[in-house]
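All remarks here apply to the structure that follows.
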Amino acid sequence: MGKAWNLFLGMFVIFALTGCIAEDYDVGVPTAHLSAESHLVAGSQYIQLTEANIDWRSSSGEVEENIGNIEEFGLSQEKINVFPNQEASVEFEENKENGGDIWTDPTITAALWKNGEKTDINWNEYREFQFPANKGNYVLEVTFTTGNKTAQYVGNIVIE
């Protein structure tokens, strides 16, 4: 009976430790990227969007940034040139500094700002959408929310 008990106890400890080691619950702020394919130019653009308003608390630390005017801040970023009606998508990557993230059912929204007016972007389940046909300067705003954590990203979009 002693051998069976030792075997059971040993297996229990191994399984308990495996469960602790295998999971990484430390969640940092993800990075957001705009992916825009162009049929007129070979290849595609994969551009990291700039962090704007952030309220993110986790075991890896706290990040809190507050941008007053999102449109003004967005227009101050490096220009991203796209074509009218160009197809694009938004993708998120795990925070590499803390070994990865666990996102449970995040809410992700996007909008375009132009001259103080905000227009929501309608996209499919793969976060694919089309830029407007109207030329001009826009600010792309993307908001990622999971639990009580929120990260907002911007890009200075020029439709030529």
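Letters A, B, ... mark the chains of the structure tokens in the order given; residue numbers begin at 1 per chain; ligand numbers begin at 1, in order shown.
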Polymer residues at most 6 Å from Leu112 of chain A, only C-alpha atoms, same-chain spacing of 3 or more positions, as a compact mmCIF listing (two decimals) with N, CA and C atoms, in the first residue's frame:
```txt
# COMPACT_ATOMS: atom_id res chain seq x y z
N LYS A 118 -16.62 61.37 -36.32
CA LYS A 118 -16.23 59.97 -36.14
C LYS A 118 -17.20 59.07 -36.89
N THR A 119 -16.65 58.17 -37.72
CA THR A 119 -17.45 57.21 -38.47
C THR A 119 -17.00 55.80 -38.09
N VAL A 139 -7.94 59.71 -39.40
CA VAL A 139 -7.29 59.05 -38.27
C VAL A 139 -8.04 57.76 -38.01
N LEU A 140 -7.30 56.65 -38.07
CA LEU A 140 -7.86 55.35 -37.74
C LEU A 140 -7.73 55.15 -36.24
```
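Residues lying within 8 Å of segment 56-73 of chain A, counting only C-alpha atoms and ignoring same-chain neighbours fewer than 2 positions away, are Asp26, Val27, Gly28, Val29, Ala52, Asn53, Ile54, Leu75, Ser76, Gln77, Asn98, Trp113, Lys114, Gly116, Val139, Asn148, Lys149, Thr150, Ala151 and Val154 of chain A.
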Selection to disk with N, CA and C atoms, as a PDB file, in the first residue's frame:
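So selection.pdb came out as:
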```pdb
ATOM      1  N   ASP A  26       0.082  36.156 -17.185  1.00  0.00           N
ATOM      2  CA  ASP A  26       0.568  37.513 -17.117  1.00  0.00           C
ATOM      3  C   ASP A  26       0.222  38.207 -18.424  1.00  0.00           C
ATOM      4  N   VAL A  27      -0.690  39.154 -18.388  1.00  0.00           N
ATOM      5  CA  VAL A  27      -1.168  39.742 -19.639  1.00  0.00           C
ATOM      6  C   VAL A  27      -0.730  41.193 -19.765  1.00  0.00           C
ATOM      7  N   GLY A  28       0.059  41.479 -20.777  1.00  0.00           N
ATOM      8  CA  GLY A  28       0.504  42.835 -21.061  1.00  0.00           C
ATOM      9  C   GLY A  28      -0.261  43.402 -22.234  1.00  0.00           C
ATOM     10  N   VAL A  29      -0.008  44.650 -22.546  1.00  0.00           N
ATOM     11  CA  VAL A  29      -0.700  45.349 -23.629  1.00  0.00           C
ATOM     12  C   VAL A  29      -0.278  44.745 -24.977  1.00  0.00           C
ATOM     13  N   ALA A  52      -2.412  54.837 -27.943  1.00  0.00           N
ATOM     14  CA  ALA A  52      -2.971  56.138 -27.555  1.00  0.00           C
ATOM     15  C   ALA A  52      -3.442  56.038 -26.107  1.00  0.00           C
ATOM     16  N   ASN A  53      -4.731  55.985 -25.882  1.00  0.00           N
ATOM     17  CA  ASN A  53      -5.263  55.873 -24.518  1.00  0.00           C
ATOM     18  C   ASN A  53      -5.161  54.419 -24.051  1.00  0.00           C
ATOM     19  N   ILE A  54      -4.459  54.215 -22.939  1.00  0.00           N
ATOM     20  CA  ILE A  54      -4.240  52.871 -22.408  1.00  0.00           C
ATOM     21  C   ILE A  54      -4.620  52.861 -20.934  1.00  0.00           C
ATOM     22  N   LEU A  75      -3.161  62.559 -36.167  1.00  0.00           N
ATOM     23  CA  LEU A  75      -2.624  63.297 -37.312  1.00  0.00           C
ATOM     24  C   LEU A  75      -1.144  63.625 -37.143  1.00  0.00           C
ATOM     25  N   SER A  76      -0.638  63.578 -35.917  1.00  0.00           N
ATOM     26  CA  SER A  76       0.782  63.868 -35.680  1.00  0.00           C
ATOM     27  C   SER A  76       1.666  62.638 -35.925  1.00  0.00           C
ATOM     28  N   GLN A  77       1.065  61.474 -36.195  1.00  0.00           N
ATOM     29  CA  GLN A  77       1.829  60.250 -36.427  1.00  0.00           C
ATOM     30  C   GLN A  77       2.288  60.179 -37.882  1.00  0.00           C
ATOM     31  N   ASN A  98       6.426  39.753 -21.927  1.00  0.00           N
ATOM     32  CA  ASN A  98       6.041  38.938 -20.772  1.00  0.00           C
ATOM     33  C   ASN A  98       5.710  37.505 -21.152  1.00  0.00           C
ATOM     34  N   TRP A 113     -11.713  59.044 -38.071  1.00  0.00           N
ATOM     35  CA  TRP A 113     -11.976  60.440 -37.725  1.00  0.00           C
ATOM     36  C   TRP A 113     -11.557  61.328 -38.886  1.00  0.00           C
ATOM     37  N   LYS A 114     -12.397  62.317 -39.199  1.00  0.00           N
ATOM     38  CA  LYS A 114     -12.048  63.328 -40.201  1.00  0.00           C
ATOM     39  C   LYS A 114     -12.794  64.606 -39.851  1.00  0.00           C
ATOM     40  N   GLY A 116     -13.176  66.252 -37.108  1.00  0.00           N
ATOM     41  CA  GLY A 116     -13.982  66.206 -35.894  1.00  0.00           C
ATOM     42  C   GLY A 116     -15.161  65.245 -35.934  1.00  0.00           C
ATOM     43  N   VAL A 139      -7.942  59.707 -39.398  1.00  0.00           N
ATOM     44  CA  VAL A 139      -7.285  59.053 -38.269  1.00  0.00           C
ATOM     45  C   VAL A 139      -8.038  57.757 -38.011  1.00  0.00           C
ATOM     46  N   ASN A 148     -11.379  44.281 -17.740  1.00  0.00           N
ATOM     47  CA  ASN A 148     -11.316  45.692 -17.355  1.00  0.00           C
ATOM     48  C   ASN A 148     -10.085  46.377 -17.927  1.00  0.00           C
ATOM     49  N   LYS A 149      -9.495  45.813 -18.977  1.00  0.00           N
ATOM     50  CA  LYS A 149      -8.315  46.379 -19.628  1.00  0.00           C
ATOM     51  C   LYS A 149      -8.717  46.978 -20.973  1.00  0.00           C
ATOM     52  N   THR A 150      -8.202  48.175 -21.261  1.00  0.00           N
ATOM     53  CA  THR A 150      -8.507  48.835 -22.528  1.00  0.00           C
ATOM     54  C   THR A 150      -7.230  49.411 -23.136  1.00  0.00           C
ATOM     55  N   ALA A 151      -7.074  49.190 -24.439  1.00  0.00           N
ATOM     56  CA  ALA A 151      -5.957  49.775 -25.181  1.00  0.00           C
ATOM     57  C   ALA A 151      -6.525  50.379 -26.464  1.00  0.00           C
ATOM     58  N   VAL A 154      -3.923  54.297 -32.785  1.00  0.00           N
ATOM     59  CA  VAL A 154      -4.255  55.218 -33.860  1.00  0.00           C
ATOM     60  C   VAL A 154      -3.267  55.087 -35.020  1.00  0.00           C
TER      61      VAL A 154
END
```
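Among A:Ala36, A:Ala111, A:Leu49, A:Ala133, the residue with the shortest atom-to-atom distance to Ile159 of chain A, counting only C-alpha atoms, is A:Ala133.
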Item to complete: Measuring atom to atom with only C-alpha atoms, identify which of A:Glu117, A:Pro132, A:Ser35, A:Thr109 is nearest to Ile80 of chain A.
Response: A:Ser35
Discussion item. For a quick check of understanding, using only C-alpha atoms, which of A:Trp123, A:Tyr153, A:Phe131, A:Phe92 has the smallest distance to Thr31 of chain A?
Written reply: A:Phe92
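Each of A:Glu37, A:Glu125, A:Asp120, A:Glu93 was checked against Val142 of chain A using only C-alpha atoms; the smallest atom-to-atom distance is that of A:Asp120.
Relative to atom CA of Glu78 of chain A, atom CA of Gln45 of chain A is found at 13.8 Å.
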Worksheet item: If you measure from atom CA of Pro106 of chain A to atom CA of Leu34 of chain A, what distance in Å do you get, rounded to one decimal?
Response: 17.6 Å
Worksheet item: When DSSP works through the backbone of this structure, what residues of segment 19-151 of chain A end up as strand (DSSP E or B), shown as an MDAnalysis selection string?
Response: chainID A and resid 31:37 44:48 50:58 61:65 79:82 87:93 107:114 117:120 128:130 136:146 149:151
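Counting from atom CA of Tyr138 of chain A, the distance to atom CA of Glu94 of chain A is 26.8 Å.
Residue nearest Glu87 of chain A, chosen from A:Gln130, A:Thr107, A:Gln48, A:Asn137 and counting only C-alpha atoms: A:Gln130.
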Near Asn124 of chain A, counting only C-alpha atoms, which residues have an atom at most 12 Å away, once you skip same-chain residues fewer than 2 positions from it, shown as a PDB file with N, CA, C and O atoms, in the first residue's frame?
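Resulting contents of result_22.pdb:
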```
ATOM      1  N   GLU A  87      -8.717  47.439 -49.427  1.00  0.00           N
ATOM      2  CA  GLU A  87      -9.053  46.472 -48.380  1.00  0.00           C
ATOM      3  C   GLU A  87      -7.929  46.435 -47.350  1.00  0.00           C
ATOM      4  O   GLU A  87      -6.751  46.562 -47.686  1.00  0.00           O
ATOM      5  N   ALA A  88      -8.318  46.247 -46.089  1.00  0.00           N
ATOM      6  CA  ALA A  88      -7.346  46.202 -45.005  1.00  0.00           C
ATOM      7  C   ALA A  88      -7.903  45.350 -43.868  1.00  0.00           C
ATOM      8  O   ALA A  88      -9.073  44.971 -43.871  1.00  0.00           O
ATOM      9  N   SER A  89      -7.052  45.055 -42.907  1.00  0.00           N
ATOM     10  CA  SER A  89      -7.487  44.353 -41.705  1.00  0.00           C
ATOM     11  C   SER A  89      -6.635  44.823 -40.531  1.00  0.00           C
ATOM     12  O   SER A  89      -5.570  45.412 -40.715  1.00  0.00           O
ATOM     13  N   VAL A  90      -7.138  44.566 -39.337  1.00  0.00           N
ATOM     14  CA  VAL A  90      -6.414  44.905 -38.116  1.00  0.00           C
ATOM     15  C   VAL A  90      -6.107  43.603 -37.397  1.00  0.00           C
ATOM     16  O   VAL A  90      -6.985  42.753 -37.236  1.00  0.00           O
ATOM     17  N   ILE A 108     -13.466  44.484 -29.856  1.00  0.00           N
ATOM     18  CA  ILE A 108     -12.600  45.311 -30.684  1.00  0.00           C
ATOM     19  C   ILE A 108     -13.476  46.157 -31.593  1.00  0.00           C
ATOM     20  O   ILE A 108     -14.320  45.636 -32.317  1.00  0.00           O
ATOM     21  N   THR A 109     -13.269  47.467 -31.526  1.00  0.00           N
ATOM     22  CA  THR A 109     -14.024  48.390 -32.369  1.00  0.00           C
ATOM     23  C   THR A 109     -13.048  49.288 -33.127  1.00  0.00           C
ATOM     24  O   THR A 109     -11.893  49.440 -32.725  1.00  0.00           O
ATOM     25  N   ALA A 110     -13.532  49.880 -34.205  1.00  0.00           N
ATOM     26  CA  ALA A 110     -12.695  50.776 -34.999  1.00  0.00           C
ATOM     27  C   ALA A 110     -13.542  51.896 -35.579  1.00  0.00           C
ATOM     28  O   ALA A 110     -14.747  51.733 -35.795  1.00  0.00           O
ATOM     29  N   ILE A 121     -16.327  51.894 -38.224  1.00  0.00           N
ATOM     30  CA  ILE A 121     -15.952  50.972 -39.296  1.00  0.00           C
ATOM     31  C   ILE A 121     -16.707  49.667 -39.094  1.00  0.00           C
ATOM     32  O   ILE A 121     -16.712  49.102 -38.001  1.00  0.00           O
ATOM     33  N   ASN A 122     -17.342  49.217 -40.153  1.00  0.00           N
ATOM     34  CA  ASN A 122     -18.008  47.915 -40.132  1.00  0.00           C
ATOM     35  C   ASN A 122     -17.062  46.907 -40.768  1.00  0.00           C
ATOM     36  O   ASN A 122     -16.629  47.093 -41.904  1.00  0.00           O
ATOM     37  N   TYR A 126     -13.210  38.571 -39.424  1.00  0.00           N
ATOM     38  CA  TYR A 126     -11.744  38.545 -39.504  1.00  0.00           C
ATOM     39  C   TYR A 126     -11.148  39.945 -39.369  1.00  0.00           C
ATOM     40  O   TYR A 126      -9.975  40.140 -39.633  1.00  0.00           O
ATOM     41  N   ARG A 127     -11.966  40.905 -38.987  1.00  0.00           N
ATOM     42  CA  ARG A 127     -11.582  42.322 -38.855  1.00  0.00           C
ATOM     43  C   ARG A 127     -11.059  42.888 -40.182  1.00  0.00           C
ATOM     44  O   ARG A 127     -10.127  43.668 -40.209  1.00  0.00           O
ATOM     45  N   GLU A 128     -11.707  42.494 -41.283  1.00  0.00           N
ATOM     46  CA  GLU A 128     -11.383  43.020 -42.609  1.00  0.00           C
ATOM     47  C   GLU A 128     -12.404  44.098 -42.961  1.00  0.00           C
ATOM     48  O   GLU A 128     -13.584  43.960 -42.658  1.00  0.00           O
ATOM     49  N   PHE A 129     -11.923  45.155 -43.609  1.00  0.00           N
ATOM     50  CA  PHE A 129     -12.795  46.270 -43.979  1.00  0.00           C
ATOM     51  C   PHE A 129     -12.220  46.964 -45.198  1.00  0.00           C
ATOM     52  O   PHE A 129     -11.142  46.613 -45.671  1.00  0.00           O
ATOM     53  N   GLN A 130     -12.964  47.955 -45.705  1.00  0.00           N
ATOM     54  CA  GLN A 130     -12.499  48.772 -46.826  1.00  0.00           C
ATOM     55  C   GLN A 130     -12.410  50.220 -46.377  1.00  0.00           C
ATOM     56  O   GLN A 130     -13.294  50.718 -45.667  1.00  0.00           O
TER      57      GLN A 130
END
```
